[in-house]
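Structure file my_file.txt with compact mmCIF, C-alpha atoms:
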```
# COMPACT_ATOMS: atom_id res chain seq x y z
CA MET A 1 -105.40 31.99 85.52
CA LYS A 2 -103.59 29.96 88.16
CA LYS A 3 -106.04 27.09 87.94
CA TYR A 4 -105.01 26.48 84.32
CA LEU A 5 -101.29 26.17 85.07
CA GLY A 6 -101.40 22.58 86.39
CA PRO A 7 -100.48 20.86 83.10
CA LEU A 8 -97.17 22.73 82.96
CA SER A 9 -95.82 20.86 85.96
CA LYS A 10 -97.81 19.16 88.70
CA ASP A 11 -100.33 17.70 86.27
CA ASN A 12 -97.99 17.49 83.26
CA PRO A 13 -99.47 15.28 80.52
CA ILE A 14 -96.25 13.36 79.88
CA LEU A 15 -94.57 13.36 83.30
CA VAL A 16 -97.64 12.86 85.49
CA GLN A 17 -100.52 11.70 83.31
CA THR A 18 -98.06 9.67 81.16
CA LEU A 19 -100.01 10.44 77.98
CA GLY A 20 -98.51 11.11 74.56
CA VAL A 21 -95.26 9.30 75.32
CA CYS A 22 -95.02 7.51 71.95
CA SER A 23 -94.93 10.73 69.95
CA ALA A 24 -92.51 12.19 72.49
CA LEU A 25 -90.11 9.37 71.58
CA ALA A 26 -90.60 9.77 67.84
CA VAL A 27 -90.13 13.50 67.31
CA THR A 28 -87.45 14.52 69.80
CA ALA A 29 -84.28 13.62 67.90
CA GLN A 30 -84.08 17.30 66.88
CA LEU A 31 -85.46 20.54 68.32
CA LYS A 32 -87.24 21.81 65.23
CA PRO A 33 -89.70 18.92 64.69
CA ALA A 34 -90.28 18.79 68.45
CA VAL A 35 -91.37 22.43 68.51
CA VAL A 36 -93.55 22.04 65.41
CA MET A 37 -95.18 18.95 66.91
CA ALA A 38 -95.77 20.72 70.23
CA LEU A 39 -97.44 23.66 68.48
CA SER A 40 -99.66 21.43 66.33
CA VAL A 41 -100.77 19.36 69.31
CA THR A 42 -101.52 22.55 71.22
CA VAL A 43 -103.67 23.94 68.39
CA VAL A 44 -105.55 20.70 67.77
CA CYS A 45 -106.01 19.96 71.48
CA ALA A 46 -107.35 23.43 72.24
CA CYS A 47 -109.69 23.58 69.25
CA SER A 48 -111.10 20.06 69.57
CA ASN A 49 -111.57 20.63 73.33
CA PHE A 50 -113.51 23.78 72.48
CA ILE A 51 -115.75 22.14 69.87
CA ILE A 52 -116.45 19.00 71.90
CA SER A 53 -117.30 21.20 74.87
CA LEU A 54 -119.80 23.13 72.74
CA MET A 55 -121.38 19.82 71.68
CA ARG A 56 -121.12 18.15 75.07
CA ASN A 57 -124.80 18.20 76.00
CA THR A 58 -125.92 16.72 72.67
CA ILE A 59 -123.38 13.86 72.46
CA PRO A 60 -124.88 10.46 73.36
CA PRO A 61 -122.45 8.90 75.89
CA ARG A 62 -122.55 5.53 74.13
CA ILE A 63 -120.92 6.91 70.97
CA ARG A 64 -118.88 9.71 72.51
CA ILE A 65 -115.51 8.23 71.58
CA ILE A 66 -116.55 7.96 67.92
CA VAL A 67 -117.78 11.54 67.97
CA GLN A 68 -114.51 12.70 69.55
CA LEU A 69 -112.46 10.85 66.94
CA LEU A 70 -114.51 12.38 64.14
CA VAL A 71 -114.03 15.90 65.46
CA VAL A 72 -110.29 15.45 66.02
CA SER A 73 -109.72 13.89 62.59
CA PHE A 74 -111.85 16.54 60.92
CA PHE A 75 -109.77 19.19 62.54
CA VAL A 76 -106.41 17.63 61.71
CA ILE A 77 -107.35 17.06 58.05
CA LEU A 78 -108.69 20.59 57.72
CA VAL A 79 -105.52 22.09 59.19
CA ASP A 80 -103.41 19.87 56.94
CA LEU A 81 -105.29 20.98 53.81
CA LEU A 82 -104.95 24.65 54.74
CA LEU A 83 -101.24 24.28 55.44
CA GLN A 84 -100.63 22.47 52.13
CA SER A 85 -102.32 25.32 50.30
CA TYR A 86 -101.08 28.37 52.14
CA LEU A 87 -98.03 27.39 54.23
CA TYR A 88 -96.45 24.68 52.12
CA ASP A 89 -93.10 24.63 53.93
CA VAL A 90 -94.73 24.12 57.31
CA SER A 91 -96.88 21.36 55.89
CA LYS A 92 -93.75 19.61 54.58
CA MET A 93 -92.31 19.66 58.06
CA LEU A 94 -95.57 18.43 59.56
CA SER A 95 -96.43 15.72 57.04
CA VAL A 96 -95.25 12.83 59.16
CA PHE A 97 -96.84 14.20 62.33
CA VAL A 98 -100.39 14.58 61.07
CA GLY A 99 -101.23 10.95 61.73
CA LEU A 100 -99.47 11.12 65.07
CA ILE A 101 -101.58 14.11 66.15
CA ILE A 102 -104.82 12.17 65.65
CA THR A 103 -103.54 9.28 67.73
CA ASN A 104 -102.01 11.44 70.48
CA CYS A 105 -103.53 10.21 73.73
CA ILE A 106 -103.37 13.69 75.26
CA ILE A 107 -106.06 14.98 72.91
CA MET A 108 -108.52 12.12 73.50
CA GLY A 109 -107.57 12.09 77.17
CA ARG A 110 -108.38 15.76 77.65
CA LEU A 111 -111.62 15.44 75.68
CA GLU A 112 -112.72 12.61 77.95
CA ALA A 113 -111.46 14.04 81.22
CA PHE A 114 -112.22 17.71 80.73
CA ALA A 115 -114.11 18.94 77.67
CA LEU A 116 -117.10 16.62 78.16
CA SER A 117 -117.84 18.11 81.56
CA HIS A 118 -116.71 21.75 81.30
CA LYS A 119 -117.71 24.94 79.52
CA PRO A 120 -116.05 25.90 76.19
CA PHE A 121 -113.62 28.57 77.42
CA PRO A 122 -112.10 26.57 80.31
CA SER A 123 -111.91 23.58 77.93
CA PHE A 124 -110.03 25.68 75.37
CA MET A 125 -107.59 26.84 78.06
CA ASP A 126 -107.16 23.29 79.30
CA GLY A 127 -106.22 22.23 75.75
CA VAL A 128 -103.72 25.08 75.37
CA MET A 129 -102.04 24.39 78.72
CA ASN A 130 -101.85 20.63 78.18
CA GLY A 131 -100.35 21.21 74.75
CA LEU A 132 -97.76 23.54 76.26
CA GLY A 133 -97.01 21.14 79.12
CA TYR A 134 -96.43 18.44 76.52
CA GLY A 135 -94.29 20.81 74.46
CA LEU A 136 -92.14 21.74 77.42
CA VAL A 137 -91.04 18.14 77.96
CA LEU A 138 -90.52 17.64 74.22
CA VAL A 139 -88.23 20.66 73.99
CA VAL A 140 -86.14 19.61 77.00
CA VAL A 141 -85.71 16.06 75.68
CA ALA A 142 -85.02 17.25 72.12
CA PHE A 143 -82.45 19.77 73.39
CA PHE A 144 -80.31 17.07 74.98
CA ARG A 145 -80.84 14.54 72.20
CA GLU A 146 -79.87 16.94 69.43
CA LEU A 147 -76.95 18.45 71.36
CA LEU A 148 -75.39 15.17 72.44
CA GLY A 149 -76.52 13.06 69.48
CA SER A 150 -75.76 15.34 66.55
CA GLY A 151 -73.72 18.18 68.08
CA THR A 152 -76.24 20.68 66.70
CA LEU A 153 -79.13 22.82 67.98
CA TRP A 154 -81.94 23.89 65.62
CA ASN A 155 -79.76 22.42 62.83
CA HIS A 156 -76.85 24.75 63.68
CA GLN A 157 -73.60 23.17 64.73
CA VAL A 158 -72.72 24.08 68.31
CA VAL A 159 -70.00 21.56 69.12
CA PRO A 160 -66.82 23.16 67.67
CA ASP A 161 -64.86 21.31 64.99
CA SER A 162 -61.78 21.44 67.24
CA TRP A 163 -63.55 19.09 69.70
CA TYR A 164 -64.15 16.56 66.95
CA ALA A 165 -60.53 16.92 65.88
CA ALA A 166 -59.51 16.20 69.50
CA GLY A 167 -61.46 12.94 69.41
CA TYR A 168 -64.92 13.98 70.64
CA LEU A 169 -67.69 11.81 69.20
CA ASN A 170 -71.43 12.32 68.95
CA ASN A 171 -73.38 9.81 71.01
CA GLY A 172 -75.18 7.68 68.43
CA LEU A 173 -77.50 6.22 71.07
CA MET A 174 -78.97 9.69 71.65
CA ILE A 175 -80.66 9.80 68.27
CA LEU A 176 -82.37 6.44 68.74
CA PRO A 177 -85.84 6.29 70.38
CA PRO A 178 -84.77 4.19 73.43
CA MET A 179 -82.65 7.10 74.64
CA ALA A 180 -85.72 9.36 74.59
CA LEU A 181 -87.48 6.90 76.88
CA ILE A 182 -84.49 6.90 79.24
CA LEU A 183 -84.35 10.72 79.21
CA ILE A 184 -88.07 11.00 79.98
CA GLY A 185 -87.54 8.53 82.81
CA VAL A 186 -84.71 10.67 84.17
CA ILE A 187 -86.90 13.80 83.99
CA ILE A 188 -89.75 12.04 85.82
CA TRP A 189 -87.24 10.95 88.47
CA ALA A 190 -85.73 14.42 88.80
CA LYS A 191 -89.14 16.00 89.08
CA GLY A 192 -90.22 13.44 91.67
CA PRO A 193 -93.59 13.74 93.38
CA ARG A 194 -93.05 17.48 93.93
CA ALA A 195 -96.19 19.48 93.33
CA VAL A 196 -94.48 22.51 91.83
CA MET B 1 -127.49 10.85 82.91
CA LYS B 2 -129.66 11.98 80.03
CA LYS B 3 -131.18 9.14 78.01
CA PHE B 4 -130.69 9.08 74.25
CA SER B 5 -132.86 6.95 71.98
CA ASN B 6 -131.33 4.72 69.30
CA THR B 7 -132.97 6.83 66.63
CA TYR B 8 -131.31 9.94 68.04
CA ILE B 9 -127.93 8.23 68.08
CA PHE B 10 -128.24 7.07 64.48
CA LEU B 11 -129.40 10.46 63.25
CA TYR B 12 -126.75 12.25 65.29
CA ILE B 13 -123.81 10.27 63.96
CA THR B 14 -125.13 10.25 60.39
CA ALA B 15 -125.59 14.00 60.39
CA LEU B 16 -122.13 14.53 61.89
CA VAL B 17 -120.43 12.31 59.32
CA VAL B 18 -122.27 13.94 56.42
CA VAL B 19 -121.46 17.46 57.59
CA ILE B 20 -117.78 16.63 58.08
CA ALA B 21 -117.54 14.83 54.73
CA VAL B 22 -119.18 17.69 52.84
CA VAL B 23 -117.04 20.38 54.46
CA LEU B 24 -113.80 18.48 53.91
CA THR B 25 -114.68 17.70 50.29
CA LEU B 26 -115.51 21.33 49.57
CA VAL B 27 -112.30 22.57 51.19
CA SER B 28 -110.20 19.93 49.44
CA THR B 29 -111.69 20.59 45.99
CA GLY B 30 -111.55 24.34 46.41
CA LEU B 31 -107.89 24.33 47.37
CA LYS B 32 -106.73 21.70 44.87
CA PRO B 33 -105.36 24.12 42.22
CA ARG B 34 -103.30 25.85 44.91
CA ARG B 35 -101.91 22.57 46.22
CA ASP B 36 -101.05 21.36 42.70
CA ARG B 37 -99.24 24.61 41.94
CA ASN B 38 -97.21 24.26 45.15
CA ARG B 39 -96.25 20.69 44.24
CA GLN B 40 -95.25 21.61 40.69
CA ALA B 41 -93.07 24.45 41.93
CA GLU B 42 -91.49 22.09 44.40
CA THR B 43 -90.60 19.55 41.71
CA TYR B 44 -88.98 22.28 39.62
CA GLN B 45 -87.10 23.51 42.67
CA GLN B 46 -85.89 19.98 43.35
CA ILE B 47 -84.57 19.53 39.80
CA LEU B 48 -82.76 22.87 40.01
CA ARG B 49 -81.31 21.93 43.41
CA ALA B 50 -79.93 18.72 41.98
CA ALA B 51 -78.23 20.86 39.33
CA GLY B 52 -76.66 23.01 42.05
CA HIS B 53 -78.97 26.04 41.93
CA ASP B 54 -80.14 27.24 45.32
CA ILE B 55 -83.42 28.86 44.35
CA ASP B 56 -86.41 29.84 46.45
CA ARG B 57 -89.59 27.94 45.70
CA SER B 58 -91.45 31.11 44.80
CA LYS B 59 -88.95 31.78 42.00
CA ALA B 60 -88.52 28.17 40.90
CA VAL B 61 -91.11 28.17 38.09
CA ALA B 62 -89.64 31.22 36.36
CA ALA B 63 -86.05 30.03 36.80
CA PHE B 64 -86.92 26.57 35.55
CA ALA B 65 -88.15 27.92 32.22
CA ASN B 66 -84.70 29.44 31.59
CA LEU B 67 -82.56 26.60 32.87
CA ALA B 68 -84.29 23.38 31.89
CA GLU B 69 -86.27 21.70 29.16
CA PRO B 70 -88.03 18.36 29.23
CA LEU B 71 -86.45 15.47 27.31
CA THR B 72 -89.45 13.19 27.76
CA ASP B 73 -93.15 13.89 28.12
CA ASP B 74 -93.59 12.00 31.38
CA GLY B 75 -91.37 14.21 33.57
CA GLN B 76 -88.75 11.49 33.87
CA GLN B 77 -85.87 13.37 32.22
CA TYR B 78 -84.89 16.99 31.71
CA ARG B 79 -81.92 18.71 30.17
CA VAL B 80 -80.62 21.26 32.66
CA ILE B 81 -77.90 23.88 32.83
CA CYS B 82 -75.96 23.32 36.06
CA ALA B 83 -74.77 26.00 38.46
CA ASP B 84 -71.22 25.70 37.09
CA GLY B 85 -72.46 26.40 33.56
CA SER B 86 -72.13 22.85 32.22
CA LYS B 87 -75.05 20.89 30.80
CA GLY B 88 -76.52 17.78 32.36
CA THR B 89 -79.42 15.37 32.32
CA ALA B 90 -81.80 15.32 35.26
CA ILE B 91 -83.24 11.85 35.87
CA ARG B 92 -86.28 11.21 38.03
CA LEU B 93 -85.68 8.81 40.95
CA ASP B 94 -88.39 6.79 42.67
CA GLY B 95 -87.94 4.42 45.57
CA LYS B 96 -89.10 3.19 48.93
CA GLY B 97 -87.98 4.52 52.32
CA LEU B 98 -88.73 2.96 55.67
CA TRP B 99 -92.24 4.39 56.10
CA GLY B 100 -93.26 5.50 52.63
CA PRO B 101 -92.12 6.62 49.20
CA ILE B 102 -88.89 8.53 48.62
CA TRP B 103 -88.08 10.31 45.36
CA GLY B 104 -85.83 12.90 43.82
CA TYR B 105 -83.71 13.84 40.83
CA ALA B 106 -80.13 13.04 39.90
CA VAL B 107 -78.25 15.24 37.47
CA VAL B 108 -75.70 13.38 35.34
CA SER B 109 -72.92 15.15 33.47
CA GLU B 110 -73.09 15.43 29.69
CA ASP B 111 -70.60 12.61 29.13
CA GLY B 112 -72.74 10.33 31.32
CA GLN B 113 -69.82 9.47 33.60
CA THR B 114 -70.26 11.68 36.66
CA LEU B 115 -73.03 12.66 39.03
CA LYS B 116 -73.32 16.45 39.15
CA GLY B 117 -75.68 16.40 42.11
CA VAL B 118 -78.84 14.93 43.61
CA ALA B 119 -81.91 16.12 45.50
CA PHE B 120 -84.11 13.79 47.51
CA ASP B 121 -87.44 14.09 49.21
CA HIS B 122 -89.61 11.77 51.26
CA LYS B 123 -93.18 11.35 52.40
CA SER B 124 -92.81 10.16 55.97
CA GLU B 125 -89.27 9.25 57.04
CA THR B 126 -88.39 9.76 60.71
CA PRO B 127 -87.30 13.33 61.55
CA GLY B 128 -83.68 13.43 62.66
CA LEU B 129 -82.97 10.02 61.17
CA GLY B 130 -84.27 9.00 57.73
CA ALA B 131 -85.46 12.52 57.02
CA LYS B 132 -81.79 13.56 56.88
CA ILE B 133 -81.68 12.36 53.25
CA THR B 134 -82.99 15.81 52.31
CA GLU B 135 -80.19 17.63 54.12
CA LYS B 136 -77.27 19.31 52.37
CA ALA B 137 -74.65 17.36 54.31
CA PHE B 138 -75.92 14.07 52.87
CA LEU B 139 -76.64 15.37 49.36
CA LYS B 140 -73.21 17.01 49.00
CA ALA B 141 -71.51 13.64 49.32
CA PHE B 142 -73.01 12.59 45.97
CA GLU B 143 -71.48 15.45 43.99
CA GLY B 144 -68.76 14.36 41.62
CA LYS B 145 -69.20 10.63 42.25
CA LYS B 146 -68.57 8.33 39.30
CA LEU B 147 -71.30 6.13 37.83
CA TYR B 148 -68.86 3.59 36.36
CA ASP B 149 -66.16 1.63 38.15
CA LYS B 150 -62.50 1.40 37.05
CA ASP B 151 -63.26 -1.45 34.65
CA GLY B 152 -66.03 0.55 32.95
CA ASN B 153 -68.93 -1.37 34.48
CA PHE B 154 -72.02 0.63 35.37
CA VAL B 155 -72.54 0.66 39.17
CA SER B 156 -74.53 3.88 39.73
CA VAL B 157 -73.68 5.40 43.14
CA ARG B 158 -74.02 3.10 46.14
CA VAL B 159 -75.05 4.18 49.65
CA LEU B 160 -73.19 1.94 52.09
CA LYS B 161 -72.54 1.89 55.81
CA ALA B 162 -69.49 4.01 56.61
CA GLY B 163 -66.33 2.03 57.26
CA THR B 164 -67.57 -1.31 55.98
CA ALA B 165 -65.18 -3.22 53.80
CA SER B 166 -66.50 -3.47 50.27
CA GLU B 167 -65.25 -3.95 46.74
CA ILE B 168 -67.08 -0.75 45.78
CA ALA B 169 -64.51 2.01 45.32
CA LYS B 170 -64.70 5.34 47.14
CA GLU B 171 -65.60 7.22 43.96
CA ASN B 172 -68.68 5.02 43.50
CA ARG B 173 -70.09 5.19 47.02
CA VAL B 174 -71.28 7.54 49.76
CA ASP B 175 -71.71 6.87 53.47
CA ALA B 176 -75.13 5.84 54.77
CA ILE B 177 -76.80 7.84 57.56
CA SER B 178 -76.15 6.28 60.94
CA GLY B 179 -79.36 5.38 62.71
CA ALA B 180 -81.25 5.32 59.42
CA THR B 181 -80.12 2.02 57.95
CA LEU B 182 -83.35 1.20 56.14
CA THR B 183 -83.90 4.64 54.63
CA SER B 184 -80.27 4.65 53.45
CA LYS B 185 -80.84 1.25 51.93
CA GLY B 186 -83.89 2.65 50.17
CA VAL B 187 -81.77 5.43 48.68
CA ASP B 188 -79.17 2.87 47.63
CA GLU B 189 -81.80 0.78 45.85
CA MET B 190 -83.40 3.86 44.29
CA MET B 191 -80.07 5.02 42.85
CA GLN B 192 -79.64 1.61 41.22
CA SER B 193 -83.17 1.02 40.00
CA SER B 194 -83.85 4.51 38.63
CA ILE B 195 -80.62 5.25 36.78
CA HIS B 196 -79.74 3.01 33.85
CA SER B 197 -76.66 3.20 31.72
CA SER B 198 -78.88 3.40 28.61
CA GLN B 199 -80.56 6.59 29.85
CA ILE B 200 -77.42 8.52 30.47
CA THR B 201 -75.83 7.78 27.09
CA ASN B 202 -78.97 8.38 25.01
CA HIS B 203 -79.18 12.11 24.82
CA HIS B 204 -75.94 13.50 23.52
```

Same coordinates, now as structure tokens:
Amino acid sequence: MKKYLGPLSKDNPILVQTLGVCSALAVTAQLKPAVVMALSVTVVCACSNFIISLMRNTIPPRIRIIVQLLVVSFFVILVDLLLQSYLYDVSKMLSVFVGLIITNCIIMGRLEAFALSHKPFPSFMDGVMNGLGYGLVLVVVAFFRELLGSGTLWNHQVVPDSWYAAGYLNNGLMILPPMALILIGVIIWAKGPRAV
Amino acid sequence: MKKFSNTYIFLYITALVVVIAVVLTLVSTGLKPRRDRNRQAETYQQILRAAGHDIDRSKAVAAFANLAEPLTDDGQQYRVICADGSKGTAIRLDGKGLWGPIWGYAVVSEDGQTLKGVAFDHKSETPGLGAKITEKAFLKAFEGKKLYDKDGNFVSVRVLKAGTASEIAKENRVDAISGATLTSKGVDEMMQSSIHSSQITNHH
């Protein structure tokens, strides 16, 4: 089990591999979309890792990227169709992320770096752990952005009205994407080169 | 590394594309009735929301039959009974957000003067910013706003940056969402292009 834990910290996809940063900027203004995005990336990353790993010995190297893209897009569209039919509310929340999932560098990155050269089960686990490692950073960033930018957490107000009455203001910069980049930079700095 | 012939590559990719296309088409066609039903229920729920009814989507179709009737065949206008018991006209809104279409319904009071409420939805606005147009806090600001100014000119309801000086009176405007200037502008334009003074005086 221990060998799969790398992506949570010392091999974190965002903090160390610096993959998937664009979507981390886009969906972290609030906690809820960040968690939904993290879960969808985890599912798609694990499943496409698994399928590509099953196919790995038949894929001609010259067209492997095209094959990977096809499998990932197939998967994302399939999941989207199923959600629209059976879990409509979740699909509403996800709508904007579907395109972002396909383009998430973590998925292609893990297919290239891991699934093409490993057996299906370890590939599946690698996808799950990378998705979770990605999600961990998203949740931390979204926590601070939503708390300081909107005074809410999971859409519930946590900053008391009396603070606002006393002159407290939400930090408008927090809800803009540049602040997410700064926060991720701060987290990378705080983490440092530590291998924990 | 294993060698693959060109023929193999062509056959491989063709087969893969065909399999994926067939599976996706089958799934999409098979699930279409379900998706359409979900969308229809959502539209009904949206109209009822604009009229002040907080109704679950699963119950929206049944509730809609009791509370609303179409005024036009194209789904553009409905007569609805609002949550406070008064009657109103629900008008379909269509506009452009920052990333894609935005739409919704506005319910206008029977005398055509006041906005009873609105409900908006969007395809792909940014979560936490533009996507806030669907949230209660933003929608509530529209309730009770006037569609005509003091001199009796039709202005609809404007969405303008909070605190900016403007000749538009408070009762004709709501504050835009900070950080979502372009989506707010889209809502502003939608409110003006979709509601016409002729519509709201036609039906009573």

Under the rule of at most 8 Å, produce a per-residue listing of chain A near chain B: chain, number, name, the closest pair of atoms, and the distance in Å, as a Markdown table, using only C-alpha atoms.
```
| residue | atom | partner | partner_atom | distance |
| --- | --- | --- | --- | --- |
| A:Ala26 | CA | B:Thr126 | CA | 7.5 |
| A:Val27 | CA | B:Pro127 | CA | 6.4 |
| A:Ala29 | CA | B:Gly128 | CA | 5.3 |
| A:Gln30 | CA | B:Gly128 | CA | 5.7 |
| A:Pro33 | CA | B:Pro127 | CA | 6.8 |
| A:Pro60 | CA | B:Phe4 | CA | 6.0 |
| A:Ile63 | CA | B:Ile9 | CA | 7.7 |
| A:Val67 | CA | B:Ile13 | CA | 7.4 |
| A:Leu70 | CA | B:Val17 | CA | 7.6 |
| A:Phe74 | CA | B:Ile20 | CA | 6.6 |
| A:Ile77 | CA | B:Leu24 | CA | 7.8 |
| A:Leu78 | CA | B:Leu24 | CA | 6.7 |
| A:Leu81 | CA | B:Ser28 | CA | 6.7 |
| A:Leu82 | CA | B:Leu31 | CA | 7.9 |
| A:Gln84 | CA | B:Arg35 | CA | 6.0 |
| A:Ser85 | CA | B:Arg35 | CA | 4.9 |
| A:Tyr86 | CA | B:Arg34 | CA | 8.0 |
| A:Tyr88 | CA | B:Asn38 | CA | 7.0 |
| A:Ser95 | CA | B:Ser124 | CA | 6.7 |
| A:Val96 | CA | B:Ser124 | CA | 4.8 |
| A:Gly172 | CA | B:Gly179 | CA | 7.4 |
| A:Ile175 | CA | B:Gly179 | CA | 7.2 |
| A:Leu176 | CA | B:Gly179 | CA | 6.8 |
```

Å distance separating CA of Glu167 in chain B from CA of Thr89 in chain B, one decimal place |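 Answer for the CA of Glu167 in chain B to CA of Thr89 in chain B separation: 28.0 Å.
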
Fewer than 4 positions away in the same chain doesn't count, so skip those; otherwise give me all residues within 9 Å of Lys32 in chain A, counting only C-alpha atoms, as a list in words.
-> Thr28, Val36, Met37, Val139, Ala142, Leu153, Trp154 and Asn155 of chain A

Atom-to-atom span, CA of Gly186 in chain B and CA of Leu139 in chain B, Å |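 If I compute the distance from CA of Gly186 in chain B to CA of Leu139 in chain B, I get 14.7 Å.
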
Do you know which residues are at most 12 Å from Lys191 in chain A counting only C-alpha atoms, after dropping those on the same chain fewer than 3 positions away, and could you put them as a PyMOL selection string?
-> chain A and resi 9-12+14-16+137+184-188+194-196

What's the 10 Å shell around Asp84 in chain B, counting all atoms listed in the file, without same-chain residues fewer than 5 positions away, as a short mmCIF file (atom, residue, chain, number, x, y, z; two decimals) with C-alpha atoms, keeping the file's coordinate frame?
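out_38.cif, written as the output of this step:
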```
data_model
loop_
_atom_site.label_atom_id
_atom_site.label_comp_id
_atom_site.auth_asym_id
_atom_site.auth_seq_id
_atom_site.Cartn_x
_atom_site.Cartn_y
_atom_site.Cartn_z
CA ALA B 51 -78.23 20.86 39.33
CA GLY B 52 -76.66 23.01 42.05
CA HIS B 53 -78.97 26.04 41.93
CA LYS B 116 -73.32 16.45 39.15
#
```

Within 12 Å of Leu173 in chain A using only C-alpha atoms, minus same-chain residues under 4 positions, as a VMD selection string | (chain A and resid 29 144 to 146 148 to 150 169 177 to 183) or (chain B and resid 129 178 to 179)

Interatomic distance, CA of Ser86 in chain B to CA of Ala60 in chain B (Å, one decimal) =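 The value is 19.3 Å.
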
What lies within 9 Å of Asp54 in chain B using all atoms listed in the file, ignoring chain neighbours under 3 positions off, as a count of residues only?
-> 5

Check the smallest atom-to-atom distance from each of A:Gly131, A:Gly151, A:Pro160, A:Gly167 to Ser40 in chain A using all atoms listed in the file, then report the winner.
-> A:Gly131

Which of B:Ser109, B:Ser193, B:Thr164, B:Thr181 sits closest to Ala50 in chain B [using all atoms listed in the file] | B:Ser109

Would you mind telling me which residue in B:Phe142, B:Ala15, B:Ala41, B:Gly130 lies nearest to Pro101 in chain B when using all atoms listed in the file?
-> B:Gly130

Please check which residues have atoms at most 12 Å from (-80.2, 7.2, 29.8) in the file's coordinates, counting only C-alpha atoms, and write them as number ranges by chain.
-> B: 71-72, 76-79, 88-92, 106-113, 154, 156, 194-204

Include C-alpha atoms and write out the residues we just selected as a compact mmCIF listing (two decimals), keeping the file's coordinate frame.
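Saved file result.txt follows:
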```txt
# COMPACT_ATOMS: atom_id res chain seq x y z
CA LEU B 71 -86.45 15.47 27.31
CA THR B 72 -89.45 13.19 27.76
CA GLN B 76 -88.75 11.49 33.87
CA GLN B 77 -85.87 13.37 32.22
CA TYR B 78 -84.89 16.99 31.71
CA ARG B 79 -81.92 18.71 30.17
CA GLY B 88 -76.52 17.78 32.36
CA THR B 89 -79.42 15.37 32.32
CA ALA B 90 -81.80 15.32 35.26
CA ILE B 91 -83.24 11.85 35.87
CA ARG B 92 -86.28 11.21 38.03
CA ALA B 106 -80.13 13.04 39.90
CA VAL B 107 -78.25 15.24 37.47
CA VAL B 108 -75.70 13.38 35.34
CA SER B 109 -72.92 15.15 33.47
CA GLU B 110 -73.09 15.43 29.69
CA ASP B 111 -70.60 12.61 29.13
CA GLY B 112 -72.74 10.33 31.32
CA GLN B 113 -69.82 9.47 33.60
CA PHE B 154 -72.02 0.63 35.37
CA SER B 156 -74.53 3.88 39.73
CA SER B 194 -83.85 4.51 38.63
CA ILE B 195 -80.62 5.25 36.78
CA HIS B 196 -79.74 3.01 33.85
CA SER B 197 -76.66 3.20 31.72
CA SER B 198 -78.88 3.40 28.61
CA GLN B 199 -80.56 6.59 29.85
CA ILE B 200 -77.42 8.52 30.47
CA THR B 201 -75.83 7.78 27.09
CA ASN B 202 -78.97 8.38 25.01
CA HIS B 203 -79.18 12.11 24.82
CA HIS B 204 -75.94 13.50 23.52
```

Between A:Leu8, A:Val98, A:Ala24, A:Val141, which is the closest to Val44 in chain A once you count only C-alpha atoms?
->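 Answer, going by the shortest atom-to-atom distance: A:Val98.
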